[in-house]
>>> print(open('data.tsv').read())   # TSV, C-alpha atoms and all ligand atoms
chain	number	residue	atom	x	y	z
A	522	MET	CA	8.23	-11.63	-17.63
A	523	ASN	CA	5.44	-10.94	-15.20
A	524	PHE	CA	5.32	-7.41	-13.85
A	525	ALA	CA	1.54	-7.27	-13.33
A	526	SER	CA	1.77	-6.79	-9.56
A	527	ASP	CA	3.63	-7.82	-6.44
A	528	ASN	CA	0.96	-10.35	-5.50
A	529	ILE	CA	1.48	-12.61	-8.52
A	530	VAL	CA	4.10	-14.66	-6.66
A	531	GLY	CA	3.59	-16.99	-3.71
A	532	ALA	CA	5.05	-16.60	-0.25
A	533	SER	CA	8.76	-16.35	0.52
A	534	ASN	CA	10.65	-19.36	1.91
A	535	ALA	CA	11.07	-17.93	5.40
A	536	VAL	CA	7.31	-17.38	5.63
A	537	MET	CA	6.51	-20.87	4.33
A	538	GLN	CA	8.91	-22.43	6.84
A	539	ALA	CA	7.28	-20.51	9.69
A	540	LEU	CA	3.90	-21.76	8.47
A	541	VAL	CA	5.09	-25.36	8.42
A	542	ARG	CA	6.48	-24.99	11.97
A	543	ALA	CA	3.19	-23.59	13.25
A	544	ASN	CA	1.17	-26.24	11.46
A	545	ALA	CA	2.07	-29.01	13.88
A	546	GLY	CA	0.07	-29.72	17.01
A	547	ALA	CA	-3.02	-28.18	18.55
A	548	MET	CA	-3.41	-24.57	19.65
A	549	PRO	CA	-6.40	-22.48	20.76
A	550	ALA	CA	-8.42	-21.18	17.81
A	551	TYR	CA	-9.61	-17.67	16.81
A	552	GLY	CA	-6.32	-15.94	17.62
A	553	GLN	CA	-6.23	-16.98	21.25
A	554	ASP	CA	-2.93	-18.84	20.72
A	555	ALA	CA	0.56	-18.01	22.00
A	556	LEU	CA	1.91	-17.33	18.52
A	557	THR	CA	-0.67	-14.62	17.85
A	558	ALA	CA	0.09	-13.05	21.24
A	559	ALA	CA	3.83	-13.07	20.45
A	560	VAL	CA	3.28	-11.48	17.03
A	561	LYS	CA	1.16	-8.74	18.60
A	562	ARG	CA	3.99	-8.03	21.07
A	563	ARG	CA	6.40	-7.93	18.14
A	564	PHE	CA	4.27	-5.22	16.48
A	565	ALA	CA	4.55	-3.16	19.68
A	566	GLU	CA	8.35	-3.56	19.66
A	567	ILE	CA	8.66	-2.74	15.97
A	568	PHE	CA	6.52	0.39	16.33
A	569	GLU	CA	7.95	1.34	19.76
A	570	HIS	CA	4.39	1.99	20.92
A	571	ASP	CA	1.49	0.27	22.65
A	572	VAL	CA	-0.66	-0.96	19.80
A	573	ALA	CA	-3.86	-2.90	19.37
A	574	VAL	CA	-3.37	-5.34	16.49
A	575	PHE	CA	-6.04	-7.18	14.49
A	576	LEU	CA	-4.77	-9.79	12.04
A	577	VAL	CA	-6.81	-10.16	8.85
A	578	ALA	CA	-6.45	-11.93	5.52
A	579	THR	CA	-6.76	-9.08	3.00
A	580	GLY	CA	-5.80	-5.46	2.59
A	581	THR	CA	-9.37	-4.57	1.68
A	582	ALA	CA	-10.55	-5.98	5.02
A	583	ALA	CA	-7.84	-4.05	6.88
A	584	ASN	CA	-8.78	-0.79	5.16
A	585	ALA	CA	-12.53	-1.27	5.58
A	586	LEU	CA	-12.20	-2.13	9.28
A	587	ALA	CA	-9.73	0.68	9.99
A	588	LEU	CA	-11.91	3.28	8.30
A	589	ALA	CA	-15.09	1.96	9.91
A	590	SER	CA	-13.54	2.48	13.32
A	591	ALA	CA	-12.45	6.04	12.45
A	592	VAL	CA	-15.57	7.37	10.70
A	593	PRO	CA	-19.18	7.35	11.99
A	594	PRO	CA	-22.02	6.55	9.52
A	595	TRP	CA	-22.70	10.27	8.95
A	596	GLY	CA	-19.02	11.17	8.43
A	597	LEU	CA	-16.80	11.89	5.45
A	598	CYS	CA	-13.39	10.38	4.86
A	599	LEU	CA	-11.05	12.24	2.52
A	600	CYS	CA	-8.60	10.34	0.35
A	601	HIS	CA	-6.83	10.66	-2.98
A	602	GLU	CA	-9.18	10.27	-5.95
A	603	GLU	CA	-7.21	7.22	-7.15
A	604	ALA	CA	-6.79	5.63	-3.71
A	605	HIS	CA	-7.32	1.89	-3.48
A	606	VAL	CA	-9.97	2.50	-0.79
A	607	ILE	CA	-12.15	4.51	-3.18
A	608	ASP	CA	-11.30	2.86	-6.50
A	609	ASP	CA	-10.42	-0.79	-6.01
A	610	GLU	CA	-12.33	-2.21	-3.06
A	611	CYS	CA	-15.85	-2.53	-4.49
A	612	GLY	CA	-17.15	-0.07	-1.91
A	613	ALA	CA	-16.06	-2.20	1.07
A	614	PRO	CA	-14.95	0.77	3.22
A	615	GLU	CA	-18.28	2.56	2.64
A	616	PHE	CA	-20.18	-0.70	3.27
A	617	PHE	CA	-18.42	-1.21	6.62
A	618	MET	CA	-18.74	2.50	7.51
A	619	HIS	CA	-22.53	2.01	7.28
A	620	GLY	CA	-23.31	5.10	5.20
A	621	ALA	CA	-20.23	7.25	5.59
A	622	LYS	CA	-18.67	8.41	2.33
A	623	LEU	CA	-15.22	8.65	0.81
A	624	LYS	CA	-14.38	11.89	-0.99
A	625	GLY	CA	-11.51	11.74	-3.47
A	626	LEU	CA	-9.16	14.70	-3.98
A	627	PRO	CA	-6.74	15.20	-6.87
A	628	GLY	CA	-2.98	15.23	-6.37
A	629	ALA	CA	0.04	14.58	-8.60
A	630	GLY	CA	1.65	11.20	-8.02
A	631	GLY	CA	-1.26	10.00	-5.90
A	632	LYS	CA	-0.19	12.30	-3.08
A	633	LEU	CA	-2.19	14.77	-1.04
A	634	THR	CA	-0.66	17.79	0.63
A	635	ALA	CA	-1.64	19.59	3.82
A	636	GLU	CA	-2.52	22.56	1.58
A	637	SER	CA	-4.84	20.59	-0.72
A	638	VAL	CA	-6.57	18.84	2.18
A	639	SER	CA	-6.88	22.10	4.09
A	640	ALA	CA	-8.42	23.84	1.04
A	641	CYS	CA	-10.94	21.02	0.69
A	642	LEU	CA	-11.85	21.19	4.39
A	643	ASP	CA	-12.32	24.97	4.12
A	644	SER	CA	-14.62	24.52	1.14
A	645	LEU	CA	-17.02	22.15	2.90
A	646	PRO	CA	-20.12	23.87	4.28
A	647	SER	CA	-20.65	23.25	7.97
A	648	ALA	CA	-24.45	23.03	7.72
A	649	VAL	CA	-26.09	19.92	9.12
A	650	LYS	CA	-26.94	18.76	5.59
A	651	GLN	CA	-23.20	18.33	4.90
A	652	MET	CA	-21.48	15.15	6.11
A	653	PRO	CA	-18.72	16.31	8.50
A	654	PRO	CA	-15.15	15.27	7.67
A	655	LYS	CA	-13.91	12.76	10.21
A	656	ALA	CA	-10.82	11.12	8.72
A	657	LEU	CA	-8.15	11.32	6.06
A	658	SER	CA	-6.74	8.20	4.43
A	659	ILE	CA	-3.37	8.23	2.65
A	660	SER	CA	-1.60	5.41	0.81
A	661	GLN	CA	2.04	4.70	1.62
A	662	VAL	CA	3.25	3.80	-1.11
A	663	THR	CA	0.79	5.78	-3.29
A	664	GLU	CA	-1.05	4.30	-6.27
A	665	CYS	CA	1.57	6.02	-8.48
A	666	GLY	CA	4.50	4.44	-6.66
A	667	MET	CA	5.44	7.57	-4.73
A	668	ILE	CA	6.28	7.91	-1.06
A	669	TYR	CA	5.24	10.44	1.56
A	670	THR	CA	8.25	11.66	3.56
A	671	PRO	CA	7.87	11.71	7.35
A	672	ALA	CA	7.67	15.53	7.15
A	673	GLU	CA	4.80	15.32	4.64
A	674	ILE	CA	2.96	12.79	6.80
A	675	GLY	CA	3.63	14.99	9.83
A	676	ALA	CA	2.09	18.01	8.11
A	677	LEU	CA	-1.04	15.96	7.28
A	678	GLY	CA	-1.09	14.54	10.82
A	679	LYS	CA	-0.95	18.00	12.36
A	680	LEU	CA	-3.69	19.26	10.07
A	681	CYS	CA	-5.89	16.25	10.90
A	682	HIS	CA	-5.46	16.69	14.62
A	683	ASP	CA	-5.99	20.48	14.47
A	684	ARG	CA	-9.25	19.79	12.58
A	685	SER	CA	-10.35	16.79	14.70
A	686	LEU	CA	-9.87	14.22	11.95
A	687	PHE	CA	-8.28	10.80	12.37
A	688	LEU	CA	-5.38	9.91	10.05
A	689	HIS	CA	-5.39	6.47	8.43
A	690	MET	CA	-2.48	5.05	6.44
A	691	ASP	CA	-3.05	2.31	3.85
A	692	GLY	CA	0.32	0.59	4.13
A	693	ALA	CA	-0.18	-2.16	1.56
A	694	ARG	CA	3.47	-1.55	0.60
A	695	PHE	CA	4.59	-0.36	4.04
A	696	ALA	CA	7.98	-2.15	3.99
A	697	ASN	CA	8.89	-0.82	0.53
A	698	ALA	CA	8.26	2.74	1.72
A	699	LEU	CA	10.11	2.16	4.97
A	700	VAL	CA	13.34	0.86	3.46
A	701	SER	CA	13.23	3.51	0.77
A	702	LEU	CA	13.01	6.27	3.39
A	703	GLY	CA	15.48	4.58	5.74
A	704	CYS	CA	13.44	5.67	8.75
A	705	THR	CA	11.86	3.66	11.58
A	706	PRO	CA	8.27	2.41	11.54
A	707	ALA	CA	7.53	4.86	14.36
A	708	GLU	CA	8.93	7.79	12.37
A	709	MET	CA	6.67	6.93	9.44
A	710	THR	CA	3.50	6.54	11.50
A	711	TRP	CA	2.43	7.58	15.00
A	712	LYS	CA	5.26	10.09	15.44
A	713	GLN	CA	3.68	11.94	12.49
A	714	GLY	CA	0.14	11.64	13.80
A	715	VAL	CA	-1.04	8.43	12.10
A	716	ASP	CA	-3.86	7.05	14.27
A	717	ILE	CA	-4.49	3.76	12.53
A	718	LEU	CA	-2.57	1.75	9.95
A	719	SER	CA	-3.40	-1.02	7.48
A	720	PHE	CA	-0.13	-2.93	7.62
A	721	GLY	CA	0.43	-4.92	4.44
A	722	ALA	CA	2.59	-8.03	4.36
A	723	THR	CA	1.07	-10.18	1.60
A	724	LYS	CA	2.68	-8.29	-1.28
A	725	ASN	CA	6.11	-8.47	0.35
A	726	GLY	CA	6.38	-12.17	1.18
A	727	CYS	CA	3.38	-13.43	3.15
A	728	LEU	CA	0.79	-15.82	1.80
A	729	MET	CA	-2.15	-13.83	3.13
A	730	ALA	CA	-1.48	-11.76	6.22
A	731	GLU	CA	-2.30	-8.14	6.89
A	732	ALA	CA	-2.93	-6.27	10.11
A	733	VAL	CA	-4.88	-3.31	11.40
A	734	VAL	CA	-2.44	-1.57	13.77
A	735	VAL	CA	-4.08	0.94	16.08
A	736	PHE	CA	-1.97	3.66	17.72
A	737	ASN	CA	-4.88	5.73	19.02
A	738	PRO	CA	-6.68	3.67	21.70
A	739	LEU	CA	-9.95	5.51	20.92
A	740	LEU	CA	-10.12	3.59	17.66
A	741	ALA	CA	-9.52	0.13	19.11
A	742	GLU	CA	-12.65	-0.03	21.25
A	743	ALA	CA	-14.96	-2.13	19.10
A	744	LEU	CA	-12.52	-3.41	16.52
A	745	ASP	CA	-12.56	-6.99	17.81
A	746	TYR	CA	-16.34	-7.12	17.24
A	747	ARG	CA	-16.09	-5.36	13.89
A	748	THR	CA	-13.40	-7.83	12.81
A	749	LYS	CA	-15.57	-10.79	13.74
A	750	ARG	CA	-18.64	-9.30	12.03
A	751	ALA	CA	-16.51	-8.91	8.90
A	752	GLY	CA	-15.66	-12.60	9.03
A	753	GLN	CA	-12.02	-11.79	9.65
A	754	VAL	CA	-11.43	-13.51	12.99
A	755	ILE	CA	-9.72	-16.46	11.35
A	756	SER	CA	-10.46	-19.73	13.14
A	757	LYS	CA	-6.94	-21.13	12.59
A	758	GLY	CA	-5.55	-17.70	13.41
A	759	ARG	CA	-2.17	-19.06	14.39
A	760	LEU	CA	-1.46	-19.64	10.69
A	761	ILE	CA	-1.86	-15.92	9.98
A	762	ALA	CA	0.36	-15.10	12.96
A	763	ALA	CA	2.95	-17.66	11.85
A	764	GLN	CA	3.34	-15.89	8.51
A	765	LEU	CA	4.07	-12.63	10.30
A	766	GLU	CA	6.46	-14.36	12.69
A	767	GLY	CA	8.47	-15.61	9.69
A	768	TYR	CA	8.09	-12.23	8.00
A	769	PHE	CA	9.61	-10.27	10.88
A	770	ALA	CA	12.28	-12.80	11.92
A	771	GLU	CA	15.82	-11.63	11.21
A	772	ASP	CA	14.44	-8.57	9.41
A	773	HIS	CA	13.30	-10.78	6.54
A	774	TRP	CA	10.58	-8.24	5.65
A	775	LEU	CA	13.11	-5.43	5.27
A	776	ALA	CA	15.44	-7.59	3.16
A	777	ASN	CA	12.53	-8.56	0.88
A	778	ALA	CA	11.49	-4.94	0.40
A	779	ALA	CA	15.09	-3.79	-0.16
A	780	HIS	CA	15.46	-6.41	-2.88
A	781	ALA	CA	12.23	-5.35	-4.60
A	782	ASN	CA	13.19	-1.68	-4.44
A	783	ARG	CA	16.65	-2.46	-5.87
A	784	MET	CA	15.07	-4.39	-8.76
A	785	ALA	CA	12.73	-1.47	-9.42
A	786	ARG	CA	15.66	0.93	-9.57
A	787	LEU	CA	17.47	-1.36	-12.01
A	788	LEU	CA	14.38	-1.55	-14.18
A	789	ALA	CA	13.78	2.21	-14.07
A	790	ASP	CA	17.41	3.05	-14.88
A	791	GLY	CA	17.40	0.56	-17.76
A	792	LEU	CA	14.15	1.93	-19.18
A	793	VAL	CA	15.10	5.60	-19.11
A	794	ALA	CA	18.27	4.67	-21.01
A	795	VAL	CA	16.02	3.49	-23.89
A	796	PRO	CA	15.51	6.50	-26.17
A	797	GLY	CA	11.88	7.64	-26.26
A	798	THR	CA	11.08	6.28	-22.79
A	799	ARG	CA	10.62	8.43	-19.69
A	800	LEU	CA	9.11	8.00	-16.25
A	801	ALA	CA	5.68	9.39	-15.38
A	802	TRP	CA	6.61	9.54	-11.69
A	803	PRO	CA	9.94	8.93	-9.97
A	804	THR	CA	10.63	5.34	-8.91
A	805	GLU	CA	10.65	5.53	-5.12
A	806	ALA	CA	9.67	1.99	-4.12
A	807	ASN	CA	8.91	-1.19	-6.10
A	808	GLU	CA	6.73	0.17	-8.91
A	809	VAL	CA	7.93	1.69	-12.17
A	810	PHE	CA	5.67	3.83	-14.38
A	811	PRO	CA	7.32	4.40	-17.75
A	812	ILE	CA	5.77	6.21	-20.68
A	813	VAL	CA	6.90	4.14	-23.66
A	814	PRO	CA	6.41	4.44	-27.42
A	815	LYS	CA	3.36	2.36	-28.46
A	816	ALA	CA	5.69	0.25	-30.65
A	817	VAL	CA	7.68	-0.72	-27.55
A	818	HIS	CA	4.45	-1.49	-25.67
A	819	ARG	CA	3.30	-3.76	-28.52
A	820	ALA	CA	6.68	-5.51	-28.67
A	821	LEU	CA	6.65	-6.13	-24.90
A	822	GLN	CA	3.18	-7.61	-25.13
A	823	ALA	CA	4.10	-9.74	-28.12
A	824	ALA	CA	7.08	-11.05	-26.13
A	825	GLY	CA	4.66	-12.17	-23.40
A	826	ALA	CA	5.37	-9.47	-20.80
A	827	HIS	CA	2.53	-9.02	-18.30
A	828	TYR	CA	1.79	-5.57	-16.86
A	829	HIS	CA	-1.02	-3.03	-16.77
A	830	SER	CA	-1.57	0.14	-18.77
A	831	TRP	CA	-2.10	2.96	-16.27
A	832	THR	CA	-4.29	6.01	-15.84
A	833	GLN	CA	-2.96	9.49	-16.53
A	834	VAL	CA	-5.15	11.16	-13.91
A	835	SER	CA	-2.32	11.95	-11.48
A	836	LEU	CA	0.37	13.04	-13.91
A	837	PRO	CA	2.18	16.20	-12.81
A	838	ALA	CA	1.11	19.42	-14.52
A	839	GLY	CA	2.70	19.71	-17.96
A	840	GLN	CA	3.38	15.97	-18.30
A	841	ASN	CA	1.41	14.40	-21.17
A	842	VAL	CA	1.20	11.02	-22.82
A	843	GLY	CA	1.29	11.45	-26.58
A	844	PRO	CA	-0.98	9.60	-29.05
A	845	ASP	CA	1.91	7.25	-29.96
A	846	GLU	CA	2.80	6.54	-26.35
A	847	GLU	CA	1.50	4.30	-23.56
A	848	LEU	CA	1.76	4.82	-19.79
A	849	ILE	CA	2.37	1.43	-18.16
A	850	ARG	CA	2.91	0.11	-14.64
A	851	LEU	CA	5.60	-2.46	-13.95
A	852	VAL	CA	5.71	-3.93	-10.44
A	853	VAL	CA	8.55	-5.99	-9.01
A	854	SER	CA	8.55	-8.05	-5.84
A	855	PHE	CA	10.79	-9.78	-3.33
A	856	ALA	CA	10.94	-12.68	-5.80
A	857	THR	CA	11.84	-10.79	-8.98
A	858	ALA	CA	15.10	-12.02	-10.48
A	859	GLU	CA	17.51	-9.71	-12.29
A	860	ASP	CA	17.24	-11.91	-15.40
A	861	GLU	CA	13.56	-11.07	-15.77
A	862	ILE	CA	14.41	-7.39	-15.78
A	863	GLN	CA	17.23	-7.81	-18.28
A	864	ASN	CA	14.87	-9.78	-20.56
A	865	LEU	CA	12.29	-7.00	-20.52
A	866	LEU	CA	14.96	-4.37	-21.12
A	867	SER	CA	16.36	-6.22	-24.13
A	868	VAL	CA	12.91	-6.49	-25.70
A	869	ALA	CA	12.37	-2.75	-25.13
A	870	ARG	CA	15.79	-1.84	-26.54
A	871	ALA	CA	15.31	-4.02	-29.62
A	872	ALA	CA	11.85	-2.57	-30.29
A	873	GLN	CA	13.18	0.96	-29.97
A	874	ALA	CA	16.08	0.17	-32.31
A	875	ARG	CA	13.62	-1.16	-34.93
A	876	LEU	CA	11.49	1.97	-34.52
A	877	ALA	CA	14.52	4.24	-34.98
A	878	ALA	CA	15.53	2.35	-38.12
A	879	GLU	CA	12.08	2.69	-39.77
B	901	LIG	C1	-2.75	0.58	-2.19
B	901	LIG	C2	-3.36	-0.76	-1.90
B	901	LIG	N1	-4.09	-0.91	-0.78
B	901	LIG	C3	-4.62	-2.09	-0.44
B	901	LIG	C4	-4.43	-3.21	-1.21
B	901	LIG	C5	-4.91	-4.55	-0.70
B	901	LIG	O1	-5.87	-5.15	-1.37
B	901	LIG	P1	-6.28	-6.70	-1.24
B	901	LIG	O2	-7.63	-6.68	-0.66
B	901	LIG	O3	-6.21	-7.18	-2.63
B	901	LIG	O4	-5.32	-7.41	-0.33
B	901	LIG	C6	-3.72	-3.11	-2.42
B	901	LIG	C7	-3.58	-4.27	-3.32
B	901	LIG	O5	-3.49	-4.16	-4.51
B	901	LIG	C8	-3.15	-1.86	-2.76
B	901	LIG	O6	-2.42	-1.70	-3.88
>>> encode(input="data.tsv", output="structure tokens")
Amino acid sequence: MNFASDNIVGASNAVMQALVRANAGAMPAYGQDALTAAVKRRFAEIFEHDVAVFLVATGTAANALALASAVPPWGLCLCHEEAHVIDDECGAPEFFMHGAKLKGLPGAGGKLTAESVSACLDSLPSAVKQMPPKALSISQVTECGMIYTPAEIGALGKLCHDRSLFLHMDGARFANALVSLGCTPAEMTWKQGVDILSFGATKNGCLMAEAVVVFNPLLAEALDYRTKRAGQVISKGRLIAAQLEGYFAEDHWLANAAHANRMARLLADGLVAVPGTRLAWPTEANEVFPIVPKAVHRALQAAGAHYHSWTQVSLPAGQNVGPDEELIRLVVSFATAEDEIQNLLSVARAAQARLAAE
């Protein structure tokens, strides 16, 4: 029962087969091969837009490079206070932005609104001693498992463009958000004003393949040099491209994400049926955040379930975790089997039944 994250499993079969196919023979190195070119064209088709695409090996690299191209060294980039870019990347975005800073804003469910961002922008002094805001970064899916609707992204996009800020989307779980919304990649990104996207694929079936996808040509100018300086121009680049070829073929990526989201729904529905358990945030993609009695938490751990306890920072107003409760995060993936979920649910139900009988 491992629900620690969606990167605890290996790659999906379709991705591995594509890797094996691309492994044979010789091809130009450093992304100059035909497979990389084909995958870049595929991104343009999928997004229905001319895009500059830079394939990298980690989400941290994608975020750091995307933000470095959007924010000058004296600039400020706004994000949610719990965003991966500010909290979980060891300062990589600020390192690659060469002095620029991230400023975290609060928001229930890990989400920012046009109103909260606008209020923050209004509060910043415009004197030369203040770093000027240059970009906003949002996570789709958020760190609390919630999803921005296209309308919400559009409102942030309009605000950014009215205020001369670039809009970055950290799409580590892009496919999970997309299938949950049932919209097109275009409707979730550039049509709403997203300038640059960190497109995640590792968590949803790749071995290690992510991409910086640039919709605004202004931001693509030096990204090839930045990518090389970050050590992310992979010498056997065709093997990154091959993963994405397998990922996109026959809508494999969408099927993987739909499976993960379905498993999350099953898990969430099963958990809320256990008396004493409720959800901190709605389950909108592949992450479930239940607040469980501590006795249930202890029983799950004793049964060998892996998951993380979670922070309460972004709980909605009025929602509290009691002293006998624990807020936990359970993540499912393209590879999660229904059995694993049923096992966890039976442990939770049994623990709750013992608690009720005490
Ligand atoms: C929201 C978010 N962004 C980015 C990443 C990518 O990070 P990594 O550098 O581990 O690939 C993650 C992974 O946990 C994430 O959850």
>>> residues_near_ligand(input="data.tsv", ligand="ligand LIG 901 (chain B)", cutoff="7 Å", atoms="all atoms listed in the file", output="PDB file with C-alpha atoms, in the coordinates of the input")
ATOM      1  CA  THR A 579      -6.760  -9.080   3.000  1.00  0.00           C
ATOM      2  CA  GLY A 580      -5.800  -5.460   2.590  1.00  0.00           C
ATOM      3  CA  THR A 581      -9.370  -4.570   1.680  1.00  0.00           C
ATOM      4  CA  ALA A 582     -10.550  -5.980   5.020  1.00  0.00           C
ATOM      5  CA  ALA A 604      -6.790   5.630  -3.710  1.00  0.00           C
ATOM      6  CA  HIS A 605      -7.320   1.890  -3.480  1.00  0.00           C
ATOM      7  CA  VAL A 606      -9.970   2.500  -0.790  1.00  0.00           C
ATOM      8  CA  GLU A 610     -12.330  -2.210  -3.060  1.00  0.00           C
ATOM      9  CA  SER A 660      -1.600   5.410   0.810  1.00  0.00           C
ATOM     10  CA  VAL A 662       3.250   3.800  -1.110  1.00  0.00           C
ATOM     11  CA  THR A 663       0.790   5.780  -3.290  1.00  0.00           C
ATOM     12  CA  GLU A 664      -1.050   4.300  -6.270  1.00  0.00           C
ATOM     13  CA  ASP A 691      -3.050   2.310   3.850  1.00  0.00           C
ATOM     14  CA  GLY A 692       0.320   0.590   4.130  1.00  0.00           C
ATOM     15  CA  ALA A 693      -0.180  -2.160   1.560  1.00  0.00           C
TER      16      ALA A 693
END
>>> closest_residue(input="data.tsv", among="A:Met652, A:Ile812, A:Ala785, A:Val733", to="Gly596 (chain A)", atoms="all atoms listed in the file")
A:Met652
>>> atom_distance(input="data.tsv", atom1="CA of Pro796 (chain A)", atom2="CA of Ala858 (chain A)")
24.3 Å
>>> closest_atom_pairs(input="data.tsv", of="region 721-832 of chain A", to="region 611-635 of chain A", cutoff="9 Å", atoms="all atoms listed in the file", output="JSON lines")
{"residue": "A:Arg747", "atom": "CA", "partner": "A:Phe617", "partner_atom": "CA", "distance": 8.7}
{"residue": "A:Ala751", "atom": "CA", "partner": "A:Phe617", "partner_atom": "CA", "distance": 8.3}
{"residue": "A:Ala801", "atom": "CA", "partner": "A:Gly630", "partner_atom": "CA", "distance": 8.6}
{"residue": "A:Trp802", "atom": "CA", "partner": "A:Gly630", "partner_atom": "CA", "distance": 6.4}
{"residue": "A:Pro803", "atom": "CA", "partner": "A:Gly630", "partner_atom": "CA", "distance": 8.8}
>>> residues_around(input="data.tsv", residues="Gln661 (chain A)", least_positions_apart="6", cutoff="9 Å", atoms="only C-alpha atoms", output="list in words")
Met667, Ile668, Tyr669, Met690, Asp691, Gly692, Ala693, Arg694, Phe695, Asn697 and Ala698 of chain A
>>> atom_distance(input="data.tsv", atom1="CA of Gln753 (chain A)", atom2="CA of Ala778 (chain A)")
26.2 Å
>>> residues_around(input="data.tsv", residues="region 818-825 of chain A", least_positions_apart="6", cutoff="9 Å", atoms="all atoms listed in the file", output="compact mmCIF listing (two decimals) with C-alpha atoms, in the coordinates of the input")
# COMPACT_ATOMS: atom_id res chain seq x y z
CA MET A 522 8.23 -11.63 -17.63
CA ASN A 523 5.44 -10.94 -15.20
CA GLU A 846 2.80 6.54 -26.35
CA GLU A 847 1.50 4.30 -23.56
CA ILE A 849 2.37 1.43 -18.16
CA LEU A 865 12.29 -7.00 -20.52
CA VAL A 868 12.91 -6.49 -25.70
CA ALA A 869 12.37 -2.75 -25.13
CA ALA A 871 15.31 -4.02 -29.62
CA ALA A 872 11.85 -2.57 -30.29
>>> residues_near_point(input="data.tsv", point="(10.6, -5.5, 5.1)", cutoff="9 Å", atoms="all atoms listed in the file", output="list in words")
Phe695, Ala696, Asn697, Leu699, Val700, Ala722, Asn725, Gly726, Tyr768, Phe769, Asp772, His773, Trp774, Leu775, Ala776, Asn777, Ala778 and Ala779 of chain A
>>> closest_residue(input="data.tsv", among="A:Leu792, A:Val536, A:Met709, A:Leu657", to="Glu569 (chain A)", atoms="only C-alpha atoms")
A:Met709
>>> closest_residue(input="data.tsv", among="A:Leu702, A:Leu645, A:Ala730, A:Ala591", to="Leu760 (chain A)", atoms="only C-alpha atoms")
A:Ala730
>>> closest_residue(input="data.tsv", among="A:Lys724, A:Lys815, A:Arg759, A:His682", to="Ala539 (chain A)", atoms="all atoms listed in the file")
A:Arg759
>>> closest_residue(input="data.tsv", among="A:Pro646, A:Gly552, A:Pro654, A:Pro844", to="Cys598 (chain A)", atoms="only C-alpha atoms")
A:Pro654
>>> closest_residue(input="data.tsv", among="A:Ala781, A:Leu556, A:Ala763, A:Ala587", to="Phe687 (chain A)", atoms="all atoms listed in the file")
A:Ala587
>>> residues_around(input="data.tsv", residues="Leu576 (chain A)", least_positions_apart="2", cutoff="10 Å", atoms="all atoms listed in the file", output="VMD selection string")
chain A and resid 552 557 560 to 561 574 578 to 579 582 to 583 719 to 720 730 to 734 748 753 to 755 758 to 759 761 to 762 765
>>> atom_distance(input="data.tsv", atom1="CA of Val572 (chain A)", atom2="CA of Asn534 (chain A)")
28.0 Å
>>> residues_near_point(input="data.tsv", point="(6.8, 13.0, 10.5)", cutoff="12 Å", atoms="all atoms listed in the file", output="VMD selection string")
chain A and resid 669 to 679 702 704 to 715
